[in-house]
Structures are given as C-alpha cells and as structure tokens.
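Participant: What follows is input_8.txt; its format and atoms are compact mmCIF, C-alpha atoms.
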```
# COMPACT_ATOMS: atom_id res chain seq x y z
CA MET A 16 39.86 -24.61 147.84
CA LEU A 17 37.02 -22.95 149.68
CA LYS A 18 35.61 -24.91 152.62
CA ILE A 19 32.29 -24.60 154.40
CA GLU A 20 34.11 -22.90 157.27
CA ASP A 21 35.31 -20.21 154.84
CA VAL A 22 31.78 -19.18 153.90
CA ILE A 23 29.89 -19.72 157.17
CA GLU A 24 31.10 -17.73 160.13
CA ASP A 25 28.37 -18.40 162.67
CA LEU A 26 26.31 -21.58 162.90
CA ASN A 27 23.81 -19.82 165.16
CA HIS A 28 22.59 -17.40 162.51
CA LEU A 29 21.77 -19.74 159.66
CA ASP A 30 18.44 -19.47 157.92
CA GLU A 31 16.99 -19.60 154.43
CA ALA A 32 18.28 -16.09 153.65
CA ALA A 33 21.80 -17.02 154.78
CA PHE A 34 21.69 -20.12 152.58
CA ALA A 35 20.60 -18.03 149.59
CA GLN A 36 23.45 -15.58 150.19
CA LEU A 37 25.95 -18.43 150.49
CA SER A 38 24.72 -19.92 147.23
CA ASP A 39 24.84 -16.52 145.49
CA LYS A 40 28.48 -16.12 146.55
CA LEU A 41 29.34 -19.52 145.12
CA TRP A 42 27.58 -18.74 141.83
CA GLU A 43 29.98 -15.79 141.52
CA LEU A 44 32.73 -18.40 141.03
CA GLY A 45 31.14 -19.46 137.73
CA ASN A 46 29.02 -22.36 136.54
CA LEU A 47 28.62 -25.66 138.37
CA ASP A 48 31.81 -27.12 136.87
CA ASP A 49 33.81 -24.04 137.92
CA ILE A 50 32.40 -24.17 141.44
CA LYS A 51 33.19 -27.87 141.74
CA GLU A 52 36.84 -27.16 140.92
CA LYS A 53 37.15 -24.29 143.42
CA VAL A 54 35.45 -25.67 146.54
CA THR A 55 35.70 -28.78 148.70
CA THR A 56 33.39 -31.69 148.06
CA GLU A 57 31.47 -30.86 151.25
CA LEU A 58 30.85 -27.26 150.18
CA PHE A 59 29.90 -28.38 146.67
CA HIS A 60 27.37 -30.83 148.08
CA LEU A 61 26.01 -28.10 150.34
CA HIS A 62 25.62 -25.81 147.32
CA ILE A 63 23.75 -28.51 145.37
CA GLY A 64 21.56 -29.22 148.41
CA ILE A 65 20.65 -25.57 148.97
CA ASN A 66 19.76 -25.08 145.33
CA MET A 67 17.89 -28.36 145.09
CA ILE A 68 15.74 -27.60 148.13
CA GLY A 69 15.17 -23.99 147.12
CA ILE A 70 14.06 -24.92 143.62
CA TRP A 71 11.91 -27.77 144.90
CA LYS A 72 10.20 -25.46 147.39
CA SER A 73 9.19 -23.08 144.61
CA GLU A 74 8.65 -25.39 141.63
CA GLY A 75 9.04 -29.08 142.50
CA TRP A 76 11.11 -31.92 141.10
CA ASP A 77 9.88 -31.51 137.55
CA SER A 78 11.47 -28.07 137.42
CA ILE A 79 14.76 -29.38 138.76
CA ILE A 80 14.87 -32.17 136.20
CA ALA A 81 13.67 -29.96 133.35
CA GLU A 82 15.45 -26.68 133.97
CA GLN A 83 18.41 -27.58 136.16
CA ALA A 84 19.62 -30.71 134.43
CA ASP A 85 23.23 -29.94 135.38
CA PHE A 86 22.31 -30.80 138.98
CA VAL A 87 20.88 -34.23 138.15
CA PRO A 88 24.14 -36.25 138.21
CA TYR A 89 24.98 -34.91 141.69
CA ILE A 90 21.56 -35.22 143.30
CA PRO A 91 21.71 -38.91 144.36
CA VAL A 92 24.97 -38.37 146.25
CA VAL A 93 23.71 -35.18 147.88
CA LEU A 94 20.45 -36.85 148.93
CA GLN A 95 22.54 -39.62 150.48
CA GLU A 96 24.68 -37.02 152.28
CA LEU A 97 21.50 -35.34 153.56
CA GLU A 98 20.38 -38.78 154.82
CA LEU A 99 17.31 -38.84 152.60
CA CYS A 100 17.64 -42.37 151.25
CA ASP A 101 13.93 -42.72 150.47
CA VAL A 102 13.95 -39.51 148.42
CA ARG A 103 17.11 -40.71 146.69
CA ARG A 104 15.39 -43.96 145.69
CA GLY A 105 12.39 -42.00 144.41
CA PHE A 106 14.64 -39.68 142.42
CA GLU A 107 16.58 -42.59 140.94
CA ASN A 108 13.25 -44.22 139.94
CA VAL A 109 12.45 -41.11 137.92
CA ILE A 110 15.88 -40.82 136.33
CA SER A 111 15.90 -44.54 135.48
CA LEU A 112 13.26 -43.82 132.83
CA PHE A 113 15.75 -41.79 130.79
CA PRO A 114 17.90 -43.62 128.24
CA GLU A 115 21.15 -44.87 129.75
CA ASP A 116 23.30 -42.55 127.63
CA THR A 117 21.39 -39.37 128.54
CA VAL A 118 23.67 -36.38 129.17
CA PHE A 119 22.03 -34.15 131.76
CA LYS A 120 23.03 -30.68 130.60
CA SER A 121 20.82 -27.61 130.78
CA ASP A 122 22.25 -26.13 127.59
CA ASN A 123 21.86 -29.30 125.53
CA GLU A 124 19.13 -29.53 122.85
CA GLU A 125 19.40 -33.33 122.89
CA TYR A 126 18.58 -33.38 126.58
CA TYR A 127 15.47 -31.24 126.09
CA ASP A 128 14.38 -33.49 123.24
CA ILE A 129 14.63 -36.49 125.56
CA TYR A 130 12.99 -34.69 128.50
CA ASN A 131 10.09 -33.46 126.36
CA PHE A 132 9.66 -36.91 124.85
CA PHE A 133 9.16 -38.41 128.31
CA THR A 134 6.87 -35.69 129.63
CA SER A 135 4.61 -34.82 126.70
CA PHE A 136 3.09 -37.27 124.30
CA SER A 137 2.60 -34.51 121.74
CA HIS A 138 6.33 -33.67 121.51
CA LYS A 139 7.85 -34.60 118.14
CA ALA A 140 11.19 -36.15 119.01
CA GLN A 141 14.30 -35.46 116.93
CA ASN A 142 16.30 -38.36 118.38
CA GLU A 143 16.08 -41.41 116.10
CA LYS A 144 16.15 -43.87 119.03
CA LEU A 145 13.17 -42.10 120.58
CA LYS A 146 11.28 -42.05 117.29
CA ALA A 147 11.63 -45.84 117.15
CA ILE A 148 9.67 -46.30 120.39
CA ALA A 149 6.15 -47.51 119.68
CA PRO A 150 3.33 -45.07 120.56
CA GLU A 151 1.85 -47.50 123.14
CA LYS A 152 5.20 -47.83 124.87
CA ARG A 153 5.67 -44.06 124.79
CA ARG A 154 2.26 -43.51 126.41
CA GLU A 155 3.36 -45.87 129.18
CA LEU A 156 6.65 -43.98 129.60
CA VAL A 157 4.97 -40.56 129.76
CA LYS A 158 2.43 -41.86 132.26
CA SER A 159 5.15 -43.50 134.33
CA MET A 160 7.25 -40.31 134.33
CA ARG A 161 4.30 -38.24 135.52
CA GLN A 162 3.43 -40.76 138.23
CA LYS A 163 7.00 -41.13 139.49
CA VAL A 164 7.60 -37.38 139.64
CA SER A 165 4.30 -36.92 141.47
CA LEU A 166 5.22 -39.64 143.98
CA LEU A 167 8.66 -38.09 144.44
CA ASP A 168 7.10 -34.70 145.17
CA GLU A 169 4.71 -36.27 147.68
CA LEU A 170 7.57 -38.08 149.40
CA THR A 171 9.72 -34.94 149.50
CA GLU A 172 6.90 -32.85 150.98
CA GLN A 173 7.44 -34.35 154.44
CA TYR A 174 11.04 -33.10 154.49
CA TRP A 175 11.10 -29.82 152.58
CA SER A 176 7.65 -28.25 152.83
CA ASP A 177 7.24 -25.06 154.83
CA ASP A 178 5.35 -27.13 157.42
CA SER A 179 8.23 -29.55 157.98
CA LYS A 180 11.01 -29.18 160.55
CA MET A 181 12.90 -25.92 160.17
CA ALA A 182 10.67 -25.03 157.20
CA GLY A 183 12.34 -27.64 155.03
CA TRP A 184 15.95 -26.81 155.82
CA LYS A 185 16.59 -29.31 158.64
CA GLN A 186 18.73 -31.64 156.52
CA VAL A 187 20.96 -28.72 155.45
CA PHE A 188 21.42 -27.62 159.08
CA ASP A 189 22.23 -31.18 160.09
CA TYR A 190 24.68 -31.57 157.20
CA ILE A 191 26.52 -28.37 158.11
CA HIS A 192 26.73 -29.31 161.78
CA LYS A 193 28.02 -32.75 160.85
CA LYS A 194 30.68 -31.43 158.45
CA VAL A 195 31.85 -28.24 160.18
CA ARG A 196 33.86 -27.64 163.32
CA LEU A 197 33.60 -23.89 163.96
```
Could you render the structure as structure tokens?

Facilitator:
Amino acid sequence: MLKIEDVIEDLNHLDEAAFAQLSDKLWELGNLDDIKEKVTTELFHLHIGINMIGIWKSEGWDSIIAEQADFVPYIPVVLQELELCDVRRGFENVISLFPEDTVFKSDNEEYYDIYNFFTSFSHKAQNEKLKAIAPEKRRELVKSMRQKVSLLDELTEQYWSDDSKMAGWKQVFDYIHKKVRL
C-alpha cells in the first residue's frame, strides 16, 4: 500500500502545484475505488481533501455534489480529519436533504434524477418516490437545498478562499504534517 511518505519527498516544497501532481499520480491508479484499495487510509483521505478543495476553489460545493458524487460518502470523514467540524456539519445538512437510500455515484442516472429533483423545480423526475412528493413540499426542498449549499459555500470561504491562510490549503498542510514523519 502506498503511504503519504511514498508520494511526498520534501515537506518544505509543498504547494498547490505539488498537490495537483500528487493527485494526478494517484488518479493513474484508477478510479476512486481502485485508489482506496491501493493506498493507506491517510493517503486516500489526503487525495479526497486535495480534490475537494481544488474543485471547491474553482466551482463550489454544488459542483462537488453534482459532478463528483463519488466523493460525497467520504467527505464528512475527510472534513473531520482536516479539523473542519463546522464545514462538516454544513455539508451534512445539505446531504441530509437527499433520500436516505441515495447512492452517490457519478455514473448513476438515478443519482442525477435525485440531484436534479432537489435543485431544479422544472426537472421531471423519473423516480416514483420523488414523483409522489407534493409540489409545495418540493418547492420547499429545492429552496432549502439552494439555501444550504449557499450557506455551506459561505462557511467554506473562510478556510479555502485564495484570501485565507496558505491560499486555502492550510488544512492540507496541517494534515500532512500531522500524519507524516519524514
């Protein structure tokens, strides 16, 4: 199993470009499930964290939830590991709107049906359970989803914006220093 120490040689030369290169190397191992099998838990969490922050910095939480659904099940644990408990709570508030049996998979039509149902009132759901939700209740759910994602983005801004400590990468640096003995 690959460890963080196997992919980071020098803690003094870490920056956003180094994180991107590290992530690119891990993506060469395959998809998220393949990577999880081939690396330690610490390195897997680092990979999720790097991708999560990078995507958030360019497109926000909505993009992560919409387009990177495979990350969703791992995000609460990684946010905890990065010591971002308030962001974790905000993220869990968003995800709690999804039906309990939602499978967060990027290549799953059912997932996109559910996601679109909760983010656009005009989406015509295919899922029978979703179709059974009254229009008034659906309006509330769509509004709540938009509000919770917006609040989550605002909360995250203080940690990951370009104006925050280490241009938004402080928690990744801290995580690496906590987990690695080079």

Participant: Please list, as number ranges by chain, the residues that have an atom at most 12 Å away from (23.7, -22.3, 157.9) in the coordinates of this file, counting all atoms listed in the file.

Facilitator: A: 19-20, 22-38, 58, 61-62, 64-65, 181, 184-195, 197

Participant: So how far away is CA of Asp85 in chain A from CA of Phe119 in chain A, in Å?

Facilitator: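 Spanning CA of Phe119 in chain A to CA of Asp85 in chain A is a straight-line distance of 5.7 Å.
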
Participant: Could you tell me how far CA of Tyr127 in chain A lies from CA of Phe86 in chain A, in Å and to one decimal?

Facilitator: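 That distance, rounded to one decimal, is 14.6 Å.
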
Participant: Can you tell me, as a list in words, what residues are no more than 10 Å from Tyr126 in chain A when counting all atoms listed in the file, ignoring any on the same chain fewer than 4 positions away?

Facilitator: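 Final neighbour list, sorted by chain and number: Ala81, Ala84, Phe113, Thr117, Val118, Phe119, Lys120, Ser121, Asp122, Tyr130, Asn131, Phe132 and Asn142 of chain A.
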
Participant: If you measure from CA of Trp42 in chain A to CA of Trp71 in chain A, what distance in Å do you get, rounded to one decimal?

Facilitator: 18.3 Å
